[in-house]
Each structure stands twice: as structure tokens, then as C-alpha cells.
Amino acid sequence: MSRLVIPLGVLAVLAVVVGFSATYTLSEHEQAVITRFGEPKGASVVDPGLHFKMPFVDTVNRFDKRWLDWRGDPNQIPTKDKKYIWVDTFGRWRIVDPLRFFQRLRDERNAQSRLDDIIDGETRNTIASFALIEAVRSTNRPFEDDEYTAETERAESLEQVAQGRDKLTRQIRLRAAEIVKEFGVELVDVQIRRINYVDEVQVKVFERMISERKRIAERSRSEGMGRAAEVRGQRERDLKEIRSAAYRKAQDVTGAADAEATKIYAEAFGRDPEFYQFMRTLEAYPDVVDSSTSLFLGGESEFYRYLRSSSKK
């Protein structure tokens, strides 16, 4: 009896192993190609779930159904107007025919390498066929209204965009997508992530930008100094007008006061000329005589008359 138990156990283990080897499952984002001794067997398997294959001799080659990223290396490319720039691109692709993809490329690593060659080549051909402005801008929309962009817009006013970056990237995608179809791949998008000048040109661009900024700064300082001189001049004019008006008003007040005083003096003189003369003489004494003043007057002097009369009393 024990001799029969061991073979039955072995048969059970073999049945389990064969069962696992004869089945496989695919998730929602997977698709597969079955190969037998390295050669594809049958059509691609794209439905998720449990599937069967020949045990031990069939191999499941799985591929992703989802959109995959492609990132190219920055390339130095000359534009049509002989300006050397670095162009950095990226794209999105997916496997739509797993069997053809397996036959032509085998795996995603080889696919990425082929996409590098194809997309980079189309990018180089397209960029080299247009001027730099076409790769930088998408439309002829005017720059935002500030000092620097206004100066830049005037400097580049003759450069008009005929195609623009959007049409250039669309052209790159269409040409590359047509080529990659033979690999069972769909290329849905190609975009330029970054454009930059090469080092030699970049230095000159920065120098031009610095010079432009300095020129704008000098112009701003000049305009500020002119405005300051205008404000100072206006202040001086306003100050002169205020002083002139104040002086005129003071003269009017002084004239009115003198007239009123003269009127009062005249009225006082008319009422009592002797008393008026006496008071005016007394008012004159402090202005003429002080502790350091010496007067030599004759005895009959009119100025001395009231003092003489006072001394007699």
C-alpha cells in the first residue's frame, strides 16, 4: 500500500505543476505574445483574465497596454538661420500590435532605442528647416507691455512667425508616427520640453540682455533726472509765485496801514497842532538820542525847544 502512495503523490505534484504551466493570467493593462521555442505562436492575446497555453514549451511575453513615456536626449541642432541650439524633446507612445512589436523590436528597451533614432532624426530635420523664431514662438501675439519686452518686440518686429512651435511639433509627430507604425507602435504626442542656446551663443545672448538692461536703466535714470528737474523747477516757480503774492499782500497791508496812520496823524494834527508836534518830537527822541549819543545843539534849536522848556520848569 505504501508503495502506491508515493507515485500518487508524485502524480499530484506533477499535475499541479502542469496545471500552472498550462495557464497564465493577464491584468487589464497587459497584453501578451505566446512563443514556442522562441517563435510566435498564434495571434496576440489582448483580453485580460485566465488563458491557456502549451505547458513547458510555450513562453508568455507580456507587454504594457498603457501609454508610455519617451524622453529624448538633448541634441545640438542648427536652425535654418544658422543658430545652434539645444533641443530637448519628449513623447507618449503605446504598443497597439504586440505580435508585430515582438517580431520587430522584441522588448521596450529596443523600442526606446528605435524611438530615439526616429524622433531625434525627425526633430533634427524639422528644426533645421525653419528659423529659430519658428521653434521659439507659436503665434505672433505681441509681448506683454513692459519696458524690456517692449524693447525686444521693437527689435524683433521684423521676425514674423509663419508656422510656430505647435505646427513644428505636429510635423515631427506625424512623420515619426508614420515610421513607427511598422513596429506595431502608436505615437500620440511629441513636444519640445526645452530650447536653449549652445554655450558660445548663450554668452553673447546674456551679454546682449545685460547691455539692453543697462540701456533701459540709463534711460530710466535720465527720465527720472529730467522729471526731478521738472519738479524742482515747478517748485521754484510755485515758491516765487507764493512769495510774490505774499509780498504784494504785505505791501497792500502796509500801504493801507500807512494810509490809515497818515489819516490818524492828519486828524490829530488838525485838532491840536501843538500837541501833535510835541508827541512827534517825543517819539523822535529815543530814535535819535541814547546813552552813547552826544548832541551839539544851539540854544535856539527847534529840536531842543521842548527840553529847554522842560528845564526851565
# chains A, B, ... in the order shown; residues from 1 in each chain; ligands from 1
>>> select_by_dssp(residues="range 63-225 of chain A", states="strand (DSSP E)", output="MDAnalysis selection string")
chainID A and resid 63:64 68:71 75:78 84:95 185:197
>>> residues_around(residues="range 178-183 of chain A", least_positions_apart="2", cutoff="6 Å", atoms="only C-alpha atoms", output="JSON list (two decimals) with C-alpha atoms, in the first residue's frame")
[["chain", "number", "residue", "atom", "x", "y", "z"],
["A", 100, "ARG", "CA", 4.43, 42.91, -34.77],
["A", 101, "PHE", "CA", 6.13, 44.71, -31.89],
["A", 104, "ARG", "CA", 10.41, 43.78, -34.94],
["A", 175, "ARG", "CA", 6.43, 61.99, -39.69],
["A", 176, "ALA", "CA", 7.71, 59.89, -36.79],
["A", 185, "VAL", "CA", 3.60, 51.25, -32.10]]
>>> residues_around(residues="Ala131 in chain A", least_positions_apart="3", cutoff="10 Å", atoms="only C-alpha atoms", output="CSV table (one decimal) with N, CA and C atoms, in the first residue's frame")
chain,number,residue,atom,x,y,z
A,78,PRO,N,21.4,72.9,-35.6
A,78,PRO,CA,21.5,74.2,-36.3
A,78,PRO,C,20.1,74.5,-36.9
A,79,THR,N,19.6,75.7,-36.7
A,79,THR,CA,18.4,76.2,-37.4
A,79,THR,C,18.7,76.7,-38.8
A,80,LYS,N,17.6,77.0,-39.5
A,80,LYS,CA,17.8,77.5,-40.9
A,80,LYS,C,18.6,78.8,-40.9
A,81,ASP,N,18.5,79.6,-39.9
A,81,ASP,CA,19.2,80.9,-39.9
A,81,ASP,C,20.5,80.7,-39.1
A,82,LYS,N,21.1,79.5,-39.1
A,82,LYS,CA,22.4,79.2,-38.6
A,82,LYS,C,22.6,79.6,-37.1
A,83,LYS,N,21.6,79.3,-36.3
A,83,LYS,CA,21.8,79.5,-34.9
A,83,LYS,C,21.7,78.1,-34.2
A,127,ILE,N,13.7,71.0,-37.3
A,127,ILE,CA,14.3,72.3,-36.7
A,127,ILE,C,15.2,72.9,-37.8
A,128,ALA,N,16.0,72.1,-38.5
A,128,ALA,CA,16.9,72.6,-39.4
A,128,ALA,C,16.3,73.2,-40.6
A,134,GLU,N,10.6,80.3,-35.3
A,134,GLU,CA,9.5,79.3,-35.5
A,134,GLU,C,9.5,78.3,-34.4
A,135,ALA,N,10.6,77.9,-33.9
A,135,ALA,CA,10.7,76.9,-32.8
A,135,ALA,C,10.5,77.5,-31.4
A,136,VAL,N,10.6,78.9,-31.3
A,136,VAL,CA,10.5,79.5,-30.0
A,136,VAL,C,9.1,80.0,-29.8
A,159,GLU,N,10.6,89.9,-37.4
A,159,GLU,CA,10.6,88.4,-37.4
A,159,GLU,C,9.1,88.0,-37.2
A,161,VAL,N,6.2,85.0,-37.3
A,161,VAL,CA,6.0,83.5,-37.2
A,161,VAL,C,5.1,83.0,-38.3
A,162,ALA,N,5.6,82.1,-39.1
A,162,ALA,CA,4.8,81.6,-40.2
A,162,ALA,C,4.2,80.2,-39.8
A,163,GLN,N,5.0,79.4,-39.1
A,163,GLN,CA,4.5,78.1,-38.7
A,163,GLN,C,4.3,78.0,-37.2
A,164,GLY,N,5.3,78.3,-36.4
A,164,GLY,CA,5.2,78.3,-35.0
A,164,GLY,C,5.6,76.9,-34.4
>>> atom_distance(atom1="CA of Leu115 in chain A", atom2="CA of Trp70 in chain A")
7.7 Å
>>> residues_around(residues="range 59-61 of chain A", least_positions_apart="2", cutoff="9 Å", atoms="only C-alpha atoms", output="list in words")
Tyr24, Gln31, Ala32, Val33, Ile34, Thr35, Arg36, Phe37, Gly38, Lys53, Met54, Pro55, Phe56, Val57, Phe63, Phe102 and Asp107 of chain A
>>> write_last_selection(atoms="all heavy atoms", output="CSV table (one decimal), in the first residue's frame")
chain,number,residue,atom,x,y,z
A,24,TYR,N,-2.1,31.0,-17.6
A,24,TYR,CA,-1.5,32.3,-17.3
A,24,TYR,C,-2.6,33.3,-17.2
A,24,TYR,O,-3.7,33.1,-17.8
A,24,TYR,CB,-0.4,32.7,-18.2
A,24,TYR,CG,-0.9,32.9,-19.6
A,24,TYR,CD1,-1.2,34.2,-20.1
A,24,TYR,CD2,-1.0,31.9,-20.5
A,24,TYR,CE1,-1.7,34.4,-21.4
A,24,TYR,CE2,-1.5,32.1,-21.8
A,24,TYR,CZ,-1.8,33.4,-22.2
A,24,TYR,OH,-2.2,33.6,-23.5
A,31,GLN,N,-0.9,42.9,-22.2
A,31,GLN,CA,-1.2,42.1,-23.4
A,31,GLN,C,0.0,41.2,-23.6
A,31,GLN,O,1.1,41.4,-23.1
A,31,GLN,CB,-1.5,43.0,-24.6
A,31,GLN,CG,-0.4,44.0,-24.8
A,31,GLN,CD,-0.8,45.1,-25.8
A,31,GLN,OE1,-1.7,44.9,-26.6
A,31,GLN,NE2,-0.1,46.2,-25.8
A,32,ALA,N,-0.2,40.1,-24.4
A,32,ALA,CA,0.9,39.1,-24.5
A,32,ALA,C,1.0,38.5,-25.9
A,32,ALA,O,0.1,38.5,-26.7
A,32,ALA,CB,0.7,38.0,-23.4
A,33,VAL,N,2.2,38.0,-26.1
A,33,VAL,CA,2.5,37.2,-27.3
A,33,VAL,C,3.1,35.8,-26.8
A,33,VAL,O,4.0,35.8,-26.0
A,33,VAL,CB,3.5,37.9,-28.2
A,33,VAL,CG1,4.0,37.0,-29.4
A,33,VAL,CG2,2.9,39.2,-28.8
A,34,ILE,N,2.5,34.8,-27.3
A,34,ILE,CA,2.9,33.4,-26.9
A,34,ILE,C,4.0,32.9,-27.9
A,34,ILE,O,3.7,32.9,-29.1
A,34,ILE,CB,1.8,32.4,-26.8
A,34,ILE,CG1,0.7,33.0,-25.9
A,34,ILE,CG2,2.2,31.1,-26.4
A,34,ILE,CD1,1.1,33.2,-24.5
A,35,THR,N,5.1,32.5,-27.4
A,35,THR,CA,6.2,32.0,-28.3
A,35,THR,C,6.4,30.5,-27.9
A,35,THR,O,6.4,30.1,-26.8
A,35,THR,CB,7.4,32.8,-28.2
A,35,THR,OG1,7.9,32.8,-26.8
A,35,THR,CG2,7.2,34.2,-28.7
A,36,ARG,N,6.7,29.7,-29.0
A,36,ARG,CA,7.1,28.3,-28.8
A,36,ARG,C,8.5,28.1,-29.3
A,36,ARG,O,8.7,28.3,-30.5
A,36,ARG,CB,6.1,27.4,-29.4
A,36,ARG,CG,6.4,25.9,-29.2
A,36,ARG,CD,5.2,25.1,-29.8
A,36,ARG,NE,4.0,25.4,-29.1
A,36,ARG,CZ,2.7,25.0,-29.5
A,36,ARG,NH1,2.6,24.3,-30.6
A,36,ARG,NH2,1.7,25.3,-28.8
A,37,PHE,N,9.4,27.9,-28.5
A,37,PHE,CA,10.8,27.7,-28.8
A,37,PHE,C,11.3,29.0,-29.5
A,37,PHE,O,12.1,29.0,-30.5
A,37,PHE,CB,11.1,26.5,-29.7
A,37,PHE,CG,10.6,25.2,-29.1
A,37,PHE,CD1,9.5,24.6,-29.7
A,37,PHE,CD2,11.3,24.7,-28.0
A,37,PHE,CE1,9.1,23.4,-29.1
A,37,PHE,CE2,10.8,23.5,-27.5
A,37,PHE,CZ,9.7,22.9,-28.0
A,38,GLY,N,10.9,30.2,-29.0
A,38,GLY,CA,11.3,31.5,-29.5
A,38,GLY,C,10.6,32.0,-30.6
A,38,GLY,O,10.8,33.2,-31.0
A,53,LYS,N,-2.1,27.7,-22.4
A,53,LYS,CA,-1.0,27.6,-23.3
A,53,LYS,C,-0.5,26.2,-23.2
A,53,LYS,O,-0.8,25.4,-22.3
A,53,LYS,CB,0.1,28.6,-23.1
A,53,LYS,CG,0.8,28.4,-21.7
A,53,LYS,CD,1.8,29.5,-21.5
A,53,LYS,CE,2.5,29.4,-20.2
A,53,LYS,NZ,3.3,28.2,-20.1
A,54,MET,N,0.4,25.8,-24.1
A,54,MET,CA,1.1,24.5,-24.1
A,54,MET,C,2.1,24.5,-22.9
A,54,MET,O,3.0,25.4,-22.9
A,54,MET,CB,1.8,24.2,-25.4
A,54,MET,CG,2.4,22.8,-25.5
A,54,MET,SD,1.1,21.5,-25.5
A,54,MET,CE,0.4,21.8,-27.2
A,55,PRO,N,2.0,23.6,-22.0
A,55,PRO,CA,2.9,23.7,-20.8
A,55,PRO,C,4.3,23.4,-21.3
A,55,PRO,O,4.6,22.6,-22.2
A,55,PRO,CB,2.3,22.6,-19.9
A,55,PRO,CG,1.6,21.7,-20.8
A,55,PRO,CD,1.0,22.5,-21.9
A,56,PHE,N,5.2,24.1,-20.6
A,56,PHE,CA,6.7,23.9,-20.7
A,56,PHE,C,7.3,24.4,-22.0
A,56,PHE,O,8.4,24.8,-22.0
A,56,PHE,CB,7.1,22.4,-20.5
A,56,PHE,CG,6.6,21.8,-19.2
A,56,PHE,CD1,5.6,20.8,-19.2
A,56,PHE,CD2,7.0,22.3,-18.0
A,56,PHE,CE1,5.1,20.3,-18.0
A,56,PHE,CE2,6.6,21.8,-16.8
A,56,PHE,CZ,5.6,20.8,-16.8
A,57,VAL,N,6.6,24.3,-23.1
A,57,VAL,CA,7.2,24.7,-24.4
A,57,VAL,C,6.8,26.1,-24.8
A,57,VAL,O,7.4,26.7,-25.7
A,57,VAL,CB,6.8,23.7,-25.5
A,57,VAL,CG1,7.5,22.3,-25.1
A,57,VAL,CG2,5.3,23.6,-25.7
A,63,PHE,N,3.4,42.6,-22.5
A,63,PHE,CA,3.7,44.0,-22.9
A,63,PHE,C,2.6,44.9,-22.3
A,63,PHE,O,1.5,44.4,-22.1
A,63,PHE,CB,3.7,44.1,-24.4
A,63,PHE,CG,4.7,43.3,-25.1
A,63,PHE,CD1,4.3,42.1,-25.8
A,63,PHE,CD2,6.0,43.5,-25.1
A,63,PHE,CE1,5.2,41.3,-26.4
A,63,PHE,CE2,6.9,42.7,-25.7
A,63,PHE,CZ,6.5,41.6,-26.4
A,102,PHE,N,6.7,42.5,-31.1
A,102,PHE,CA,7.7,41.4,-30.7
A,102,PHE,C,8.5,41.0,-31.9
A,102,PHE,O,9.8,40.8,-31.7
A,102,PHE,CB,6.9,40.2,-30.2
A,102,PHE,CG,7.7,39.1,-29.7
A,102,PHE,CD1,8.4,39.1,-28.5
A,102,PHE,CD2,7.9,38.0,-30.6
A,102,PHE,CE1,9.2,38.1,-28.1
A,102,PHE,CE2,8.7,36.9,-30.2
A,102,PHE,CZ,9.4,37.0,-29.0
A,107,ASP,N,11.4,43.9,-27.2
A,107,ASP,CA,11.0,44.4,-25.9
A,107,ASP,C,11.1,46.0,-25.9
A,107,ASP,O,11.4,46.6,-26.9
A,107,ASP,CB,12.0,43.9,-24.8
A,107,ASP,CG,13.5,44.2,-25.2
A,107,ASP,OD1,13.7,45.2,-25.8
A,107,ASP,OD2,14.3,43.3,-24.8
>>> closest_residue(among="A:Ser44, A:Gln112, A:Gln202, A:Asn140", to="Leu99 in chain A", atoms="only C-alpha atoms")
A:Ser44
>>> closest_residue(among="A:Glu241, A:Glu200, A:Asp166, A:Asp69", to="Trp86 in chain A", atoms="only C-alpha atoms")
A:Glu200
>>> residues_around(residues="range 74-76 of chain A", least_positions_apart="3", cutoff="7 Å", atoms="only C-alpha atoms", output="ChimeraX atom specification")
/A:84-88
>>> closest_residue(among="A:Arg165, A:Arg62, A:Lys249, A:Arg106", to="Ile195 in chain A", atoms="only C-alpha atoms")
A:Arg165
>>> select_by_dssp(residues="range 46-144 of chain A", states="alpha helix (DSSP H)", output="PyMOL selection string")
chain A and resi 98-104+108-127+132-136
>>> closest_residue(among="A:Lys204, A:Ile119, A:Leu168, A:Asp189", to="Ile133 in chain A", atoms="only C-alpha atoms")
A:Leu168
